[in-house]
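**Q** Compact mmCIF, C-alpha atoms and all ligand atoms, file start08.txt:
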# COMPACT_ATOMS: atom_id res chain seq x y z
CA MET A 1 88.27 127.60 80.32
CA VAL A 2 86.61 125.28 82.83
CA VAL A 3 85.31 127.11 85.91
CA ALA A 4 84.74 125.68 89.36
CA SER A 5 81.20 124.56 89.97
CA PRO A 6 79.91 126.58 92.88
CA ASN A 7 78.71 124.96 96.05
CA PRO A 8 74.96 124.29 96.30
CA SER A 9 73.03 127.53 95.81
CA GLY A 10 72.45 129.62 98.88
CA ALA A 11 75.25 127.88 100.72
CA GLU A 12 77.78 130.16 102.32
CA LYS A 13 81.33 130.01 101.09
CA PRO A 14 82.83 127.17 103.13
CA GLU A 15 85.60 128.01 105.53
CA ALA A 16 88.97 126.40 104.86
CA ILE A 17 89.35 123.25 106.90
CA GLU A 18 92.26 122.30 109.03
CA LEU A 19 92.91 118.67 108.16
CA PRO A 20 93.98 116.37 111.00
CA VAL A 21 97.67 117.09 111.62
CA ILE A 22 99.63 114.01 112.61
CA ASP A 23 103.02 114.33 114.25
CA LEU A 24 104.96 111.29 113.11
CA SER A 25 107.49 111.70 115.91
CA ALA A 26 104.83 110.98 118.57
CA GLU A 27 104.28 107.62 120.24
CA ARG A 28 103.78 104.88 117.59
CA THR A 29 100.56 103.23 118.80
CA GLU A 30 98.93 106.64 119.21
CA VAL A 31 100.08 107.73 115.73
CA ALA A 32 98.70 104.50 114.22
CA LYS A 33 95.32 105.18 115.84
CA LEU A 34 95.21 108.81 114.70
CA ILE A 35 96.14 107.99 111.11
CA THR A 36 93.53 105.23 110.94
CA LYS A 37 90.87 107.58 112.31
CA ALA A 38 91.85 110.34 109.86
CA CYS A 39 91.62 107.88 106.95
CA GLU A 40 88.15 106.79 108.11
CA ASP A 41 86.81 110.29 108.79
CA TYR A 42 88.44 112.37 106.05
CA GLY A 43 90.50 110.24 103.67
CA PHE A 44 92.98 113.15 103.92
CA PHE A 45 95.42 114.28 106.61
CA LYS A 46 98.65 116.21 107.07
CA VAL A 47 101.90 114.85 108.47
CA ILE A 48 104.59 116.84 110.24
CA ASN A 49 107.99 115.67 111.50
CA HIS A 50 107.85 113.43 108.47
CA GLY A 51 111.58 112.86 108.08
CA VAL A 52 111.79 113.89 104.41
CA PRO A 53 114.96 115.99 104.21
CA GLY A 54 114.37 119.68 103.47
CA GLU A 55 117.23 119.57 100.94
CA ALA A 56 115.51 116.81 98.92
CA ILE A 57 112.33 118.90 98.81
CA ALA A 58 114.12 122.15 97.94
CA ALA A 59 116.17 120.49 95.18
CA MET A 60 113.06 118.92 93.63
CA GLU A 61 111.19 122.20 93.79
CA GLU A 62 114.07 123.98 92.10
CA GLU A 63 114.19 121.41 89.28
CA GLY A 64 110.42 121.69 88.83
CA LEU A 65 110.41 125.48 88.70
CA GLY A 66 113.47 125.42 86.44
CA PHE A 67 111.54 123.27 83.99
CA PHE A 68 108.25 125.19 84.06
CA THR A 69 109.96 128.54 83.52
CA LYS A 70 111.61 127.32 80.32
CA PRO A 71 110.35 128.65 76.98
CA ASP A 72 107.38 126.72 75.55
CA VAL A 73 109.32 125.18 72.67
CA GLU A 74 111.76 123.63 75.09
CA LYS A 75 109.05 122.26 77.35
CA GLN A 76 107.22 120.78 74.38
CA ARG A 77 110.27 118.61 73.67
CA ALA A 78 109.35 116.61 76.77
CA GLY A 79 105.79 116.10 75.51
CA PRO A 80 103.15 115.20 74.72
CA ALA A 81 102.23 113.23 77.84
CA THR A 82 101.34 109.66 76.77
CA PRO A 83 100.70 109.50 79.77
CA PHE A 84 104.31 110.18 80.81
CA GLY A 85 106.12 113.35 79.81
CA TYR A 86 105.11 116.99 79.60
CA GLY A 87 101.44 117.79 79.28
CA ARG A 88 99.57 121.03 79.04
CA LYS A 89 95.83 121.44 79.54
CA ASN A 90 95.07 117.91 78.33
CA ILE A 91 94.63 115.39 81.12
CA GLY A 92 94.41 111.69 80.25
CA PHE A 93 93.14 110.56 76.86
CA ASN A 94 89.41 111.17 77.04
CA GLY A 95 89.02 114.90 76.59
CA ASP A 96 89.61 116.22 80.12
CA ILE A 97 91.19 119.65 80.23
CA GLY A 98 92.39 122.01 82.93
CA GLU A 99 94.45 125.14 83.44
CA VAL A 100 97.57 123.16 84.28
CA GLU A 101 100.87 122.11 82.84
CA TYR A 102 102.62 119.07 84.25
CA LEU A 103 105.37 116.51 84.12
CA LEU A 104 104.32 112.94 84.75
CA LEU A 105 107.06 110.40 85.43
CA HIS A 106 107.17 106.71 86.23
CA THR A 107 109.30 106.27 89.37
CA ASN A 108 111.27 103.37 87.93
CA PRO A 109 114.89 104.75 87.70
CA LEU A 110 115.36 103.59 84.11
CA SER A 111 112.21 105.39 83.05
CA VAL A 112 113.26 108.57 84.92
CA SER A 113 116.62 108.54 83.20
CA GLN A 114 115.01 108.17 79.75
CA SER A 115 112.50 110.98 80.39
CA SER A 116 115.11 113.32 81.84
CA ILE A 117 116.96 113.62 78.51
CA THR A 118 114.22 115.85 77.10
CA ILE A 119 113.32 117.50 80.41
CA SER A 120 116.62 118.89 81.59
CA ASP A 121 119.87 120.32 80.26
CA ASP A 122 121.56 118.35 83.01
CA PRO A 123 119.70 115.02 82.84
CA GLN A 124 121.99 113.32 85.34
CA LYS A 125 121.33 115.95 87.96
CA PHE A 126 117.59 115.87 87.27
CA CYS A 127 117.60 112.06 87.68
CA SER A 128 119.47 112.13 90.93
CA VAL A 129 117.19 114.85 92.36
CA VAL A 130 114.05 112.92 91.36
CA ASP A 131 115.56 109.72 92.72
CA GLY A 132 116.42 111.37 96.07
CA TYR A 133 112.96 112.88 96.41
CA VAL A 134 111.07 109.74 95.33
CA ARG A 135 113.09 107.51 97.69
CA ALA A 136 112.33 109.83 100.59
CA VAL A 137 108.58 110.13 99.92
CA ARG A 138 108.30 106.41 99.16
CA GLY A 139 109.88 105.78 102.59
CA LEU A 140 107.32 108.10 104.15
CA ALA A 141 104.46 106.37 102.31
CA CYS A 142 105.71 102.95 103.50
CA ASP A 143 105.92 104.16 107.12
CA ILE A 144 102.37 105.48 106.92
CA LEU A 145 101.08 102.27 105.31
CA ASP A 146 102.73 100.18 108.04
CA LEU A 147 101.08 102.37 110.68
CA ILE A 148 97.75 101.89 108.89
CA ALA A 149 98.17 98.09 108.93
CA GLU A 150 98.88 98.34 112.66
CA GLY A 151 95.92 100.63 113.29
CA LEU A 152 93.61 98.23 111.45
CA TRP A 153 95.04 95.17 113.25
CA VAL A 154 95.86 93.52 109.93
CA HIS A 155 97.98 90.36 110.48
CA ASP A 156 100.62 91.14 107.87
CA PRO A 157 102.17 94.45 109.00
CA SER A 158 103.57 95.12 105.54
CA LEU A 159 100.47 94.11 103.57
CA PHE A 160 100.12 97.57 102.00
CA SER A 161 103.70 98.86 102.00
CA LYS A 162 105.16 95.81 100.27
CA MET A 163 103.21 96.70 97.16
CA ILE A 164 104.99 100.02 96.73
CA ARG A 165 108.36 98.69 97.94
CA ASP A 166 108.27 96.08 95.19
CA VAL A 167 110.78 96.82 92.38
CA GLU A 168 107.93 96.31 89.94
CA SER A 169 105.72 98.87 91.69
CA ASP A 170 103.83 101.05 89.20
CA SER A 171 104.23 104.18 91.34
CA ILE A 172 104.37 107.53 89.60
CA PHE A 173 105.47 111.07 90.31
CA ARG A 174 103.77 114.23 89.10
CA LEU A 175 104.76 117.89 89.08
CA ASN A 176 101.83 120.23 88.47
CA HIS A 177 102.22 123.89 87.65
CA TYR A 178 99.12 126.09 87.74
CA PRO A 179 99.97 129.45 86.15
CA PRO A 180 97.93 132.41 87.44
CA SER A 181 94.72 132.68 85.51
CA PRO A 182 92.02 135.36 85.52
CA PHE A 183 89.00 135.18 87.74
CA HIS A 184 85.95 134.15 85.75
CA HIS A 185 83.78 137.30 85.76
CA CYS A 186 80.42 135.72 84.90
CA THR A 187 80.50 133.07 87.59
CA SER A 188 82.88 134.70 90.09
CA SER A 189 84.69 131.39 90.19
CA ASN A 190 88.29 130.43 89.88
CA ALA A 191 89.39 128.41 86.89
CA VAL A 192 89.74 124.69 87.39
CA GLY A 193 93.36 123.63 87.22
CA PHE A 194 92.79 119.93 87.77
CA GLY A 195 89.18 118.73 87.80
CA GLU A 196 87.55 116.68 90.51
CA HIS A 197 88.67 113.09 90.81
CA THR A 198 89.84 110.43 93.20
CA ASP A 199 93.37 109.05 93.00
CA PRO A 200 93.36 105.48 91.66
CA GLN A 201 96.46 104.24 93.51
CA ILE A 202 97.09 103.18 97.16
CA LEU A 203 98.30 106.39 98.77
CA THR A 204 99.23 109.89 97.58
CA ILE A 205 101.89 112.06 99.22
CA LEU A 206 101.39 115.66 98.12
CA ARG A 207 103.03 118.96 98.84
CA SER A 208 102.87 122.40 97.27
CA ASN A 209 104.52 125.75 97.44
CA ASP A 210 102.88 128.36 99.66
CA VAL A 211 100.00 128.88 97.22
CA GLY A 212 96.54 127.39 97.79
CA GLY A 213 94.22 125.76 95.30
CA LEU A 214 93.58 122.27 96.65
CA GLN A 215 89.97 121.59 97.61
CA ILE A 216 88.42 118.42 98.95
CA CYS A 217 84.85 117.34 98.64
CA VAL A 218 83.17 116.78 101.97
CA ALA A 219 79.69 115.32 102.45
CA ASP A 220 76.96 116.58 100.09
CA ALA A 221 79.26 117.96 97.41
CA VAL A 222 80.63 120.93 99.36
CA TRP A 223 84.10 121.94 98.23
CA VAL A 224 86.38 122.93 101.06
CA PRO A 225 89.76 124.61 100.52
CA VAL A 226 92.83 123.12 102.14
CA PRO A 227 95.28 125.91 103.06
CA PRO A 228 98.80 125.33 101.73
CA ASP A 229 101.49 124.24 104.18
CA PRO A 230 104.94 123.78 102.69
CA THR A 231 106.26 122.38 105.98
CA ALA A 232 103.88 119.41 105.88
CA PHE A 233 102.85 116.68 103.47
CA CYS A 234 99.23 116.15 102.65
CA VAL A 235 98.39 112.44 102.48
CA ASN A 236 95.32 110.92 100.89
CA VAL A 237 93.75 107.51 100.49
CA GLY A 238 93.54 106.18 96.93
CA ASP A 239 90.95 103.84 95.38
CA VAL A 240 93.13 100.74 95.89
CA LEU A 241 93.33 101.42 99.63
CA GLN A 242 89.58 101.93 99.74
CA ALA A 243 89.17 98.47 98.14
CA MET A 244 91.84 96.86 100.37
CA THR A 245 90.20 98.21 103.53
CA ASN A 246 86.86 96.89 102.28
CA GLY A 247 85.46 100.42 102.13
CA ARG A 248 86.53 101.38 105.66
CA PHE A 249 88.72 104.13 104.23
CA MET A 250 87.40 106.52 101.60
CA SER A 251 89.23 107.70 98.53
CA VAL A 252 87.94 111.27 98.61
CA ARG A 253 87.29 113.51 95.60
CA HIS A 254 89.53 116.52 95.32
CA ARG A 255 90.43 119.16 92.74
CA ALA A 256 92.79 122.08 92.27
CA LEU A 257 91.77 125.61 91.32
CA THR A 258 94.10 128.24 89.93
CA ASN A 259 94.77 131.63 91.52
CA ILE A 260 94.42 135.02 89.86
CA ASP A 261 97.86 136.28 90.70
CA LYS A 262 100.08 133.49 92.01
CA PRO A 263 101.47 130.34 90.42
CA ARG A 264 100.94 127.12 92.34
CA MET A 265 103.32 124.20 92.00
CA SER A 266 102.54 120.86 93.58
CA MET A 267 104.45 117.60 93.66
CA ALA A 268 102.59 114.34 94.08
CA TYR A 269 103.90 110.83 94.61
CA PHE A 270 101.29 108.17 93.87
CA GLY A 271 102.23 104.83 95.47
CA ALA A 272 100.86 101.98 93.35
CA PRO A 273 101.11 98.16 93.29
CA PRO A 274 102.87 96.20 90.53
CA LEU A 275 100.62 95.70 87.49
CA GLN A 276 100.03 92.01 88.22
CA ALA A 277 99.40 92.48 91.97
CA ARG A 278 96.04 91.23 93.20
CA VAL A 279 93.99 93.83 95.02
CA THR A 280 91.51 92.60 97.62
CA ALA A 281 90.72 93.13 101.29
CA PRO A 282 92.42 90.75 103.77
CA PRO A 283 90.09 88.31 105.60
CA GLU A 284 90.47 90.32 108.85
CA LEU A 285 88.55 93.18 107.24
CA VAL A 286 85.78 91.00 105.85
CA THR A 287 83.06 89.89 108.27
CA PRO A 288 79.45 88.78 107.99
CA HIS A 289 78.56 92.38 108.89
CA SER A 290 80.93 93.82 106.28
CA PRO A 291 81.03 91.36 103.39
CA LEU A 292 83.56 91.82 100.59
CA LEU A 293 82.54 95.01 98.74
CA TYR A 294 84.72 94.80 95.65
CA ARG A 295 85.62 91.78 93.56
CA PRO A 296 89.37 91.03 93.53
CA PHE A 297 91.18 92.67 90.65
CA THR A 298 94.73 93.30 89.50
CA TRP A 299 96.18 96.80 89.52
CA GLY A 300 96.74 96.39 85.76
CA GLU A 301 93.02 95.75 85.28
CA TYR A 302 92.11 98.75 87.44
CA LYS A 303 94.56 101.02 85.66
CA LYS A 304 93.12 100.02 82.29
CA ALA A 305 89.62 100.92 83.52
CA THR A 306 90.97 104.24 84.86
CA TYR A 307 92.42 105.25 81.52
CA SER A 308 89.30 104.20 79.63
CA LEU A 309 87.21 106.64 81.68
CA GLN A 310 87.17 110.34 82.38
CA LEU A 311 88.85 112.09 85.27
CA GLY A 312 85.70 112.56 87.36
CA ASP A 313 84.18 109.11 86.80
CA SER A 314 83.63 106.81 89.78
CA ARG A 315 85.64 103.87 88.57
CA LEU A 316 85.68 101.80 91.79
CA GLN A 317 81.91 101.37 91.35
CA LEU A 318 82.61 99.11 88.38
CA PHE A 319 84.31 96.65 90.72
CA ARG A 320 81.47 96.39 93.28
CA GLN A 321 80.19 92.92 93.69
C1 LIG B 401 94.46 111.17 88.60
C2 LIG B 401 95.63 110.97 89.57
C3 LIG B 401 97.01 111.08 88.90
O1 LIG B 401 97.32 112.44 88.65
C4 LIG B 401 97.04 110.29 87.57
C5 LIG B 401 95.98 110.88 86.65
C6 LIG B 401 95.89 110.28 85.23
C7 LIG B 401 96.71 111.13 84.23
O2 LIG B 401 96.75 112.34 84.37
O3 LIG B 401 97.28 110.53 83.33
C8 LIG B 401 94.38 110.20 84.91
C9 LIG B 401 93.66 110.49 86.28
C10 LIG B 401 94.74 110.37 87.32
C11 LIG B 401 92.49 109.50 86.55
C12 LIG B 401 91.63 109.19 85.30
C13 LIG B 401 92.47 109.12 84.01
C14 LIG B 401 93.92 108.85 84.37
C15 LIG B 401 93.85 111.13 83.84
C16 LIG B 401 92.56 110.50 83.46
C17 LIG B 401 91.61 111.12 82.82
C18 LIG B 401 98.45 110.27 86.98
C19 LIG B 401 96.44 108.93 87.75
O4 LIG B 401 97.02 107.88 88.00
O5 LIG B 401 95.08 108.97 87.60
Would you put the structure from the file into structure tokens?

**A**
Amino acid sequence: MVVASPNPSGAEKPEAIELPVIDLSAERTEVAKLITKACEDYGFFKVINHGVPGEAIAAMEEEGLGFFTKPDVEKQRAGPATPFGYGRKNIGFNGDIGEVEYLLLHTNPLSVSQSSITISDDPQKFCSVVDGYVRAVRGLACDILDLIAEGLWVHDPSLFSKMIRDVESDSIFRLNHYPPSPFHHCTSSNAVGFGEHTDPQILTILRSNDVGGLQICVADAVWVPVPPDPTAFCVNVGDVLQAMTNGRFMSVRHRALTNIDKPRMSMAYFGAPPLQARVTAPPELVTPHSPLLYRPFTWGEYKKATYSLQLGDSRLQLFRQ
């Protein structure tokens, strides 16, 4: 079992932080400013009044729980994750492990319908629930990306959102289930469910049940818990957005720990460009004072690098110029 590395010795246990909470029903220009500031200062924020229907969330949660409570043999029929499908403990292809089981799906409807055959006894229902949820969170991600373009004064207001609206978008959807797991006596640490990493894509829209576990890494490697909030979505900047904002936004490291007594289930939508899309910062964000930080690359190239490395590796570094 992998246990959480403690914070630097002598440091007190960090208090949970309250991420910036952004009310999407507030005045647009103000919201754009707040989101941009949150992306610069934290790389993470929460949104409320997000417009994702409660029924779409509840139905997705029910499908997820329905799957994870199935007997092992049945779940294994949807695996192994290559990378899509059901996975357990193994993350990626380079030896990363964690106390987690998951379903990883491509959001393309054809792919969802193929995967659902082994996931659910009612594949059609499963597909329509995933489709409803993914449409709603994709809409939310696009709204946020348009607000970001506004907040950054980028000329093309849909510069970021058009990448995930594209029918060829390589966006994915993940359900993570962290079964309760015992406290590690020797180190007094919780087991690591999903090890530290940054998200490679543009933007992640995450929610969980009422059980904590998410931690984000703030300056000097201090891990700070983010309390669960099922009424909100937690949004974070991915590596591609860090590159496209020429390093103005940070794709922040985060991880998930398990709990001793309660199961955590999270659902994450990762908005990504099409494989052949070119990723680079627009000229407005490149100045003599902030020259282009990363060489232009395609999402396909970046994804290949991601899968050739381990979960915790700093892959964006390889693209520095
Ligand atoms: C982290 C973010 C997403 O969950 C994910 C993960 C992917 C996987 O589980 O297949 C990766 C990981 C994630 C980054 C490094 C590589 C790829 C596991 C791994 C070791 C689906 C993604 O896109 O990148």

**Q** Assuming 8 Å of padding per side, give the centre and edge lengths of the axis-aligned box around every listed atom of segment 214-229 of chain A, in Å to one decimal and as JSON.

**A**
{"center_x": 89.2, "center_y": 120.6, "center_z": 100.4, "size_x": 40.5, "size_y": 26.6, "size_z": 23.5}

**Q** With all atoms listed in the file as the counted atoms, please give the residues lying no more than 10 Å from Gln242 of chain A, apart from itself and same-chain residues fewer than 2 positions off, as a list of chain:residue names.

**A** A:Cys39, A:Glu40, A:Gly43, A:Pro200, A:Gln201, A:Ile202, A:Leu203, A:Val237, A:Gly238, A:Asp239, A:Val240, A:Met244, A:Thr245, A:Asn246, A:Gly247, A:Arg248, A:Phe249, A:Met250, A:Ser251, A:Val252, A:Thr280, A:Ala281, A:Leu293, A:Tyr294, A:Leu316

**Q** Residues within 8 Å of ligand LIG 401 (chain B) (only C-alpha atoms and all ligand atoms), as a ChimeraX atom specification?

**A** /A:81-84,91-96,104,172-174,197-201,268,270,303,306-313

**Q** Could you tell me, as a list of chain:residue names, which residues have any atom at most 10 Å from (91.8, 114.7, 109.4), counting all atoms listed in the file?

**A**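 Residues satisfying the cut-off, written out: A:Ile17, A:Glu18, A:Leu19, A:Pro20, A:Val21, A:Ile22, A:Leu34, A:Ile35, A:Thr36, A:Lys37, A:Ala38, A:Cys39, A:Glu40, A:Asp41, A:Tyr42, A:Gly43, A:Phe44, A:Phe45, A:Lys46, A:Val235, A:Asn236.
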
**Q** So, counting only C-alpha atoms, which residue among A:Val167, A:Ala32, A:Met60, A:Ala232 is closest to Pro109 of chain A?

**A** A:Val167

**Q** With all atoms listed in the file as the atoms that count, which of A:Val222, A:Val100, A:Val130, A:Val47 lies nearest to Ala191 of chain A?

**A** A:Val100

**Q** Rank nothing, just name the residue among A:Val112, A:Ala277, A:Cys234, A:Val211 nearest to Thr258 of chain A, using all atoms listed in the file.

**A** A:Val211

**Q** I need the residue nearest Ala221 of chain A from this list: A:Ala78, A:Ile205, A:Ile260, A:His254. Use only C-alpha atoms for the distance.

**A**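 Ranked by minimum distance to Ala221 of chain A, first place goes to A:His254.
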
**Q** So that I can check the surroundings of Glu99 of chain A, please list as a short mmCIF file (atom, residue, chain, number, x, y, z; two decimals) with C-alpha atoms, keeping the file's coordinate frame every protein, DNA and RNA residue that reaches within 8 Å of it, counting all atoms listed in the file and ignoring chain neighbours fewer than 2 positions away.

**A**
data_model
loop_
_atom_site.label_atom_id
_atom_site.label_comp_id
_atom_site.auth_asym_id
_atom_site.auth_seq_id
_atom_site.Cartn_x
_atom_site.Cartn_y
_atom_site.Cartn_z
CA MET A 1 88.27 127.60 80.32
CA VAL A 2 86.61 125.28 82.83
CA ARG A 88 99.57 121.03 79.04
CA LYS A 89 95.83 121.44 79.54
CA ILE A 97 91.19 119.65 80.23
CA GLU A 101 100.87 122.11 82.84
CA TYR A 178 99.12 126.09 87.74
CA PRO A 179 99.97 129.45 86.15
CA SER A 181 94.72 132.68 85.51
CA ALA A 191 89.39 128.41 86.89
CA VAL A 192 89.74 124.69 87.39
CA GLY A 193 93.36 123.63 87.22
CA PHE A 194 92.79 119.93 87.77
CA THR A 258 94.10 128.24 89.93
#
